[in-house]
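Report on one structure; see the data block that follows.
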Amino acid sequence: MKKDPSIFSIEGQQAGPTVTIMAGVHGNEIGGILAVMRILSLIQTKQLTIKAGRVNLIFANLLAIGQGQRQTNMNLNRAFRPDDTYSTEELMSYEIHRARELMPYLRESHGLLDLHSSMNRQSTPFIICEPHSYPLATKLPVEIVSRGWDIIEAGGTDYFVNQNPTGRNFGICIECGYHNDPKAPERAFQAAMIFLADFGCIDPQEGYPPANLEQRRIWANQIYHTKVNFKLANEFADFQALAADTLIGHDGEQEVRTQQDCVIIFPHDCKGSNDEAFILGIDE
Ligand SMILES: [Zn+2]
């Protein structure tokens with residue numbers, strides 16, 4: 001692999017699994033970026049030792065991070081897909097180019113922890129993973145775990161890792177809360193310490209024990225793509241419970257209502273067509 005100043009591969013003292021921690025898949029999500037900078041600085045000053053395996057620390061959407069923007073041409077977290085699924089327009093984007101650069105690091109990884117944060121001030125921290133990663137997710141300091149995203153939002157980093165047929169397939173994405181909440185980088189750092197210790201890459205760190213929480217489990221099973229443009233009828237908090245037939249918003253002139261009792265995730269107004277306006281899920 002060629003040298004890239006945004007990708008740090010640190011070899012452990014002994015053999016062991018390869019794991020990747022990513023930040024800045026969305027370039028304005030500073031919480032994860034600060035956490036990865038903190039880990040890197042601890043390693044470089046020898047306050048944290050990689051005992052075994054290989055740890056990849058990656059600043060993912062480099063161009064968008066530099067601009068303080070979520071993305072440049074498209075959502076990098078939809079770009080990790082097979083070549084034959086890209087549109088011509090997507091193929092010209094920076095994000096597809098960058099996803100292809102990062103794929104080899106994910107292919108070799110037994111586990112991925114992808115650190116995100118939200119522009120929503122009321123954001124609730126939660127984990128995105130599939131059930132084979134639940135035992136690991138339970139150890140992370142977050143009380144909501146959701147599954148189902150691989151089907152409704154193919155092309156994410158965790159999706160790509162989950163598809164790996166070799167069994168190196170523990171893809172976990174963590175939404176750490178509001179970007180500018182100081183708790184977001186701390187939560188991201190805490191999750192990374194627990195994650196690295198669980199794979200045996202570092203010794204368990206004092207002050208960062210596995211959380212082993214009773215977690216609320218959500219199946220994210222519906223995504224709403226806009227037809228014209230979308231405006232919410234109300235402010236909704238992430239994971240707010242909605243009864244069947246609740247008015248969520250308007251797509252152009254048309255009302256959009258829930259079909260059944262559910263919870264809403266990531267609701268936001270959208271200006272254009274074929275945008276992801278919200279996700280619906282159910283408690284399990
Ligand atoms: Zn994000």
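Identifiers for the structure tokens are assigned positionally: chains receive A, B, ... in sequence, residues are indexed from 1 per chain, and ligands are indexed from 1 in the order shown.
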Legend entry - Site check for ligand 1: residues at most 6 Å away, only C-alpha atoms and all ligand atoms, as an NGL selection string: :A and (26 or 116-117)
For the selection just defined, write its residues with N, CA, C and O atoms to a file, as an mmCIF file, in the first residue's frame.
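Result file is selection.cif:
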data_model
loop_
_atom_site.group_PDB
_atom_site.id
_atom_site.type_symbol
_atom_site.label_atom_id
_atom_site.label_comp_id
_atom_site.auth_asym_id
_atom_site.auth_seq_id
_atom_site.Cartn_x
_atom_site.Cartn_y
_atom_site.Cartn_z
ATOM 1 N N HIS A 26 -17.621 11.479 7.538
ATOM 2 C CA HIS A 26 -18.278 12.764 7.276
ATOM 3 C C HIS A 26 -17.349 13.846 7.846
ATOM 4 O O HIS A 26 -17.061 13.848 9.051
ATOM 5 N N HIS A 116 -18.707 8.441 14.371
ATOM 6 C CA HIS A 116 -19.523 9.526 13.796
ATOM 7 C C HIS A 116 -20.083 10.407 14.909
ATOM 8 O O HIS A 116 -20.116 10.009 16.073
ATOM 9 N N SER A 117 -20.535 11.606 14.516
ATOM 10 C CA SER A 117 -21.313 12.439 15.440
ATOM 11 C C SER A 117 -22.363 13.170 14.624
ATOM 12 O O SER A 117 -22.369 13.088 13.401
#
Legend entry - Contacts of stretch 178-192 of chain A within 9 Å, only C-alpha atoms, excl. fewer than 5 positions in-chain, as JSON, numbers by chain: {"A": [21, 28, 29, 30, 31, 32, 33, 34, 35, 36, 38, 39, 113, 115, 116, 117, 118, 119, 120, 121, 122, 123, 124, 125, 139, 140, 141, 142, 197, 207, 208, 209, 210]}
Write a file of the selected residues as a short mmCIF file (atom, residue, chain, number, x, y, z; two decimals), in the first residue's frame, keeping C-alpha atoms.
data_model
loop_
_atom_site.label_atom_id
_atom_site.label_comp_id
_atom_site.auth_asym_id
_atom_site.auth_seq_id
_atom_site.Cartn_x
_atom_site.Cartn_y
_atom_site.Cartn_z
CA ILE A 21 -10.61 2.92 13.64
CA ASN A 28 -17.51 17.88 9.78
CA GLU A 29 -17.92 15.24 12.50
CA ILE A 30 -15.19 16.54 14.76
CA GLY A 31 -15.89 14.26 17.75
CA GLY A 32 -14.34 11.18 16.17
CA ILE A 33 -11.52 13.17 14.58
CA LEU A 34 -10.48 14.52 18.01
CA ALA A 35 -10.62 11.02 19.49
CA VAL A 36 -8.38 9.53 16.78
CA ARG A 38 -5.81 11.71 20.87
CA ILE A 39 -5.09 8.00 20.28
CA LEU A 113 -14.96 1.02 14.63
CA LEU A 115 -16.72 7.11 14.68
CA HIS A 116 -19.52 9.53 13.80
CA SER A 117 -21.31 12.44 15.44
CA SER A 118 -24.45 14.41 14.64
CA MET A 119 -25.38 18.00 13.74
CA ASN A 120 -28.52 17.59 15.87
CA ARG A 121 -28.06 19.15 19.32
CA GLN A 122 -30.49 16.64 20.86
CA SER A 123 -28.74 13.67 19.24
CA THR A 124 -28.87 10.37 21.12
CA PRO A 125 -25.72 8.25 20.95
CA LYS A 139 -19.18 -3.63 25.79
CA LEU A 140 -19.30 -0.14 24.25
CA PRO A 141 -20.61 2.80 26.33
CA VAL A 142 -23.84 3.38 24.39
CA ALA A 197 -8.56 -3.98 24.23
CA GLY A 207 -10.80 3.98 33.59
CA TYR A 208 -12.12 2.39 30.39
CA PRO A 209 -13.69 -0.94 31.38
CA PRO A 210 -16.21 -2.71 29.10
#
Inset, instruction - Determine which residues of stretch 103-226 of chain A receive a DSSP assignment of alpha helix (DSSP H), computed from the backbone, and state them as a ChimeraX atom specification. - result: /A:103-107,134-137,149-152,157-162,183-198
Inset, instruction - Name all residues at most 6 Å from A:Leu242 (count only C-alpha atoms; drop same-chain ones fewer than 6 positions away) and give them as a list in words. - result: Asp261, Cys262 and Val263 of chain A
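Counting only C-alpha atoms, the residue from A:His110, A:Arg147, A:His132, A:His250 that sits nearest to A:Gly53 is A:His110.
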Legend entry - Among listed residues A:Arg107, A:Glu89, A:Phe230, A:Ala99, nearest A:Pro165 (using only C-alpha atoms): A:Arg107
Inset, instruction - Would you please give, as number ranges by chain, all residues of stretch 106-166 of chain A that DSSP assigns to strand (DSSP E or B) based on the backbone? - result: A: 111-118, 126-128, 144-147
Convert the current residue selection to file output with all heavy atoms, as a tab-separated table (two decimals), in the first residue's frame.
chain	number	residue	atom	x	y	z
A	111	GLY	N	-11.91	-6.17	12.55
A	111	GLY	CA	-12.95	-5.31	13.11
A	111	GLY	C	-12.76	-3.87	12.69
A	111	GLY	O	-11.63	-3.42	12.45
A	112	LEU	N	-13.88	-3.15	12.57
A	112	LEU	CA	-13.86	-1.72	12.26
A	112	LEU	C	-14.70	-0.99	13.29
A	112	LEU	O	-15.83	-1.41	13.59
A	112	LEU	CB	-14.48	-1.46	10.88
A	112	LEU	CG	-14.91	-0.01	10.63
A	112	LEU	CD1	-13.69	0.88	10.37
A	112	LEU	CD2	-15.90	0.10	9.47
A	113	LEU	N	-14.16	0.09	13.83
A	113	LEU	CA	-14.96	1.02	14.63
A	113	LEU	C	-14.96	2.35	13.88
A	113	LEU	O	-13.90	2.98	13.74
A	113	LEU	CB	-14.37	1.17	16.04
A	113	LEU	CG	-15.19	2.03	16.99
A	113	LEU	CD1	-16.53	1.36	17.33
A	113	LEU	CD2	-14.42	2.31	18.29
A	114	ASP	N	-16.12	2.74	13.37
A	114	ASP	CA	-16.23	3.96	12.58
A	114	ASP	C	-16.95	5.01	13.44
A	114	ASP	O	-18.08	4.80	13.86
A	114	ASP	CB	-17.01	3.65	11.29
A	114	ASP	CG	-17.07	4.84	10.37
A	114	ASP	OD1	-16.35	5.83	10.61
A	114	ASP	OD2	-17.85	4.79	9.39
A	115	LEU	N	-16.25	6.12	13.72
A	115	LEU	CA	-16.72	7.11	14.68
A	115	LEU	C	-17.46	8.25	13.99
A	115	LEU	O	-16.90	8.93	13.14
A	115	LEU	CB	-15.53	7.68	15.45
A	115	LEU	CG	-14.62	6.65	16.13
A	115	LEU	CD1	-13.33	7.31	16.62
A	115	LEU	CD2	-15.35	5.97	17.29
A	116	HIS	N	-18.71	8.44	14.37
A	116	HIS	CA	-19.52	9.53	13.80
A	116	HIS	C	-20.08	10.41	14.91
A	116	HIS	O	-20.12	10.01	16.07
A	116	HIS	CB	-20.71	8.95	13.02
A	116	HIS	CG	-20.32	8.30	11.74
A	116	HIS	ND1	-20.59	8.82	10.50
A	116	HIS	CD2	-19.66	7.13	11.51
A	116	HIS	CE1	-20.12	8.02	9.57
A	116	HIS	NE2	-19.55	6.98	10.14
A	117	SER	N	-20.53	11.61	14.52
A	117	SER	CA	-21.31	12.44	15.44
A	117	SER	C	-22.36	13.17	14.62
A	117	SER	O	-22.37	13.09	13.40
A	117	SER	CB	-20.40	13.40	16.21
A	117	SER	OG	-19.66	14.20	15.33
A	118	SER	N	-23.26	13.88	15.31
A	118	SER	CA	-24.45	14.41	14.64
A	118	SER	C	-24.52	15.93	14.72
A	118	SER	O	-24.07	16.53	15.69
A	118	SER	CB	-25.68	13.80	15.31
A	118	SER	OG	-26.83	14.46	14.89
A	126	PHE	N	-25.85	6.23	19.61
A	126	PHE	CA	-26.27	4.86	19.33
A	126	PHE	C	-25.26	4.14	18.44
A	126	PHE	O	-24.39	4.78	17.84
A	126	PHE	CB	-27.68	4.79	18.73
A	126	PHE	CG	-27.83	5.33	17.33
A	126	PHE	CD1	-27.88	4.47	16.25
A	126	PHE	CD2	-27.95	6.70	17.10
A	126	PHE	CE1	-28.05	4.95	14.95
A	126	PHE	CE2	-28.11	7.19	15.81
A	126	PHE	CZ	-28.17	6.31	14.74
A	127	ILE	N	-25.42	2.82	18.41
A	127	ILE	CA	-24.51	1.96	17.65
A	127	ILE	C	-25.26	1.37	16.47
A	127	ILE	O	-26.43	1.02	16.58
A	127	ILE	CB	-23.98	0.82	18.55
A	127	ILE	CG1	-23.02	1.39	19.60
A	127	ILE	CG2	-23.30	-0.28	17.74
A	127	ILE	CD1	-22.67	0.43	20.70
A	128	ILE	N	-24.56	1.26	15.34
A	128	ILE	CA	-25.08	0.57	14.16
A	128	ILE	C	-24.20	-0.66	13.94
A	128	ILE	O	-22.97	-0.53	13.80
A	128	ILE	CB	-24.99	1.49	12.92
A	128	ILE	CG1	-25.99	2.64	13.05
A	128	ILE	CG2	-25.19	0.70	11.63
A	128	ILE	CD1	-25.85	3.72	11.98
A	144	ILE	N	-28.11	2.36	23.08
A	144	ILE	CA	-28.98	1.91	21.99
A	144	ILE	C	-28.14	1.23	20.91
A	144	ILE	O	-27.12	1.78	20.48
A	144	ILE	CB	-29.75	3.08	21.36
A	144	ILE	CG1	-30.64	3.76	22.41
A	144	ILE	CG2	-30.59	2.60	20.17
A	144	ILE	CD1	-31.40	4.96	21.89
A	145	VAL	N	-28.56	0.04	20.50
A	145	VAL	CA	-27.90	-0.67	19.40
A	145	VAL	C	-28.94	-0.91	18.31
A	145	VAL	O	-30.04	-1.40	18.60
A	145	VAL	CB	-27.34	-2.03	19.87
A	145	VAL	CG1	-26.74	-2.80	18.71
A	145	VAL	CG2	-26.28	-1.81	20.94
A	146	SER	N	-28.59	-0.55	17.08
A	146	SER	CA	-29.55	-0.75	15.99
A	146	SER	C	-28.94	-1.63	14.91
A	146	SER	O	-27.73	-1.60	14.68
A	146	SER	CB	-29.94	0.60	15.40
A	146	SER	OG	-28.81	1.26	14.87
A	147	ARG	N	-29.81	-2.38	14.26
A	147	ARG	CA	-29.39	-3.25	13.17
A	147	ARG	C	-30.26	-2.97	11.94
A	147	ARG	O	-31.23	-2.21	12.03
A	147	ARG	CB	-29.53	-4.71	13.57
A	147	ARG	CG	-30.98	-5.18	13.65
A	147	ARG	CD	-31.06	-6.70	13.73
A	147	ARG	NE	-32.42	-7.15	13.97
A	147	ARG	CZ	-33.20	-7.68	13.01
A	147	ARG	NH1	-32.76	-7.78	11.77
A	147	ARG	NH2	-34.42	-8.08	13.30
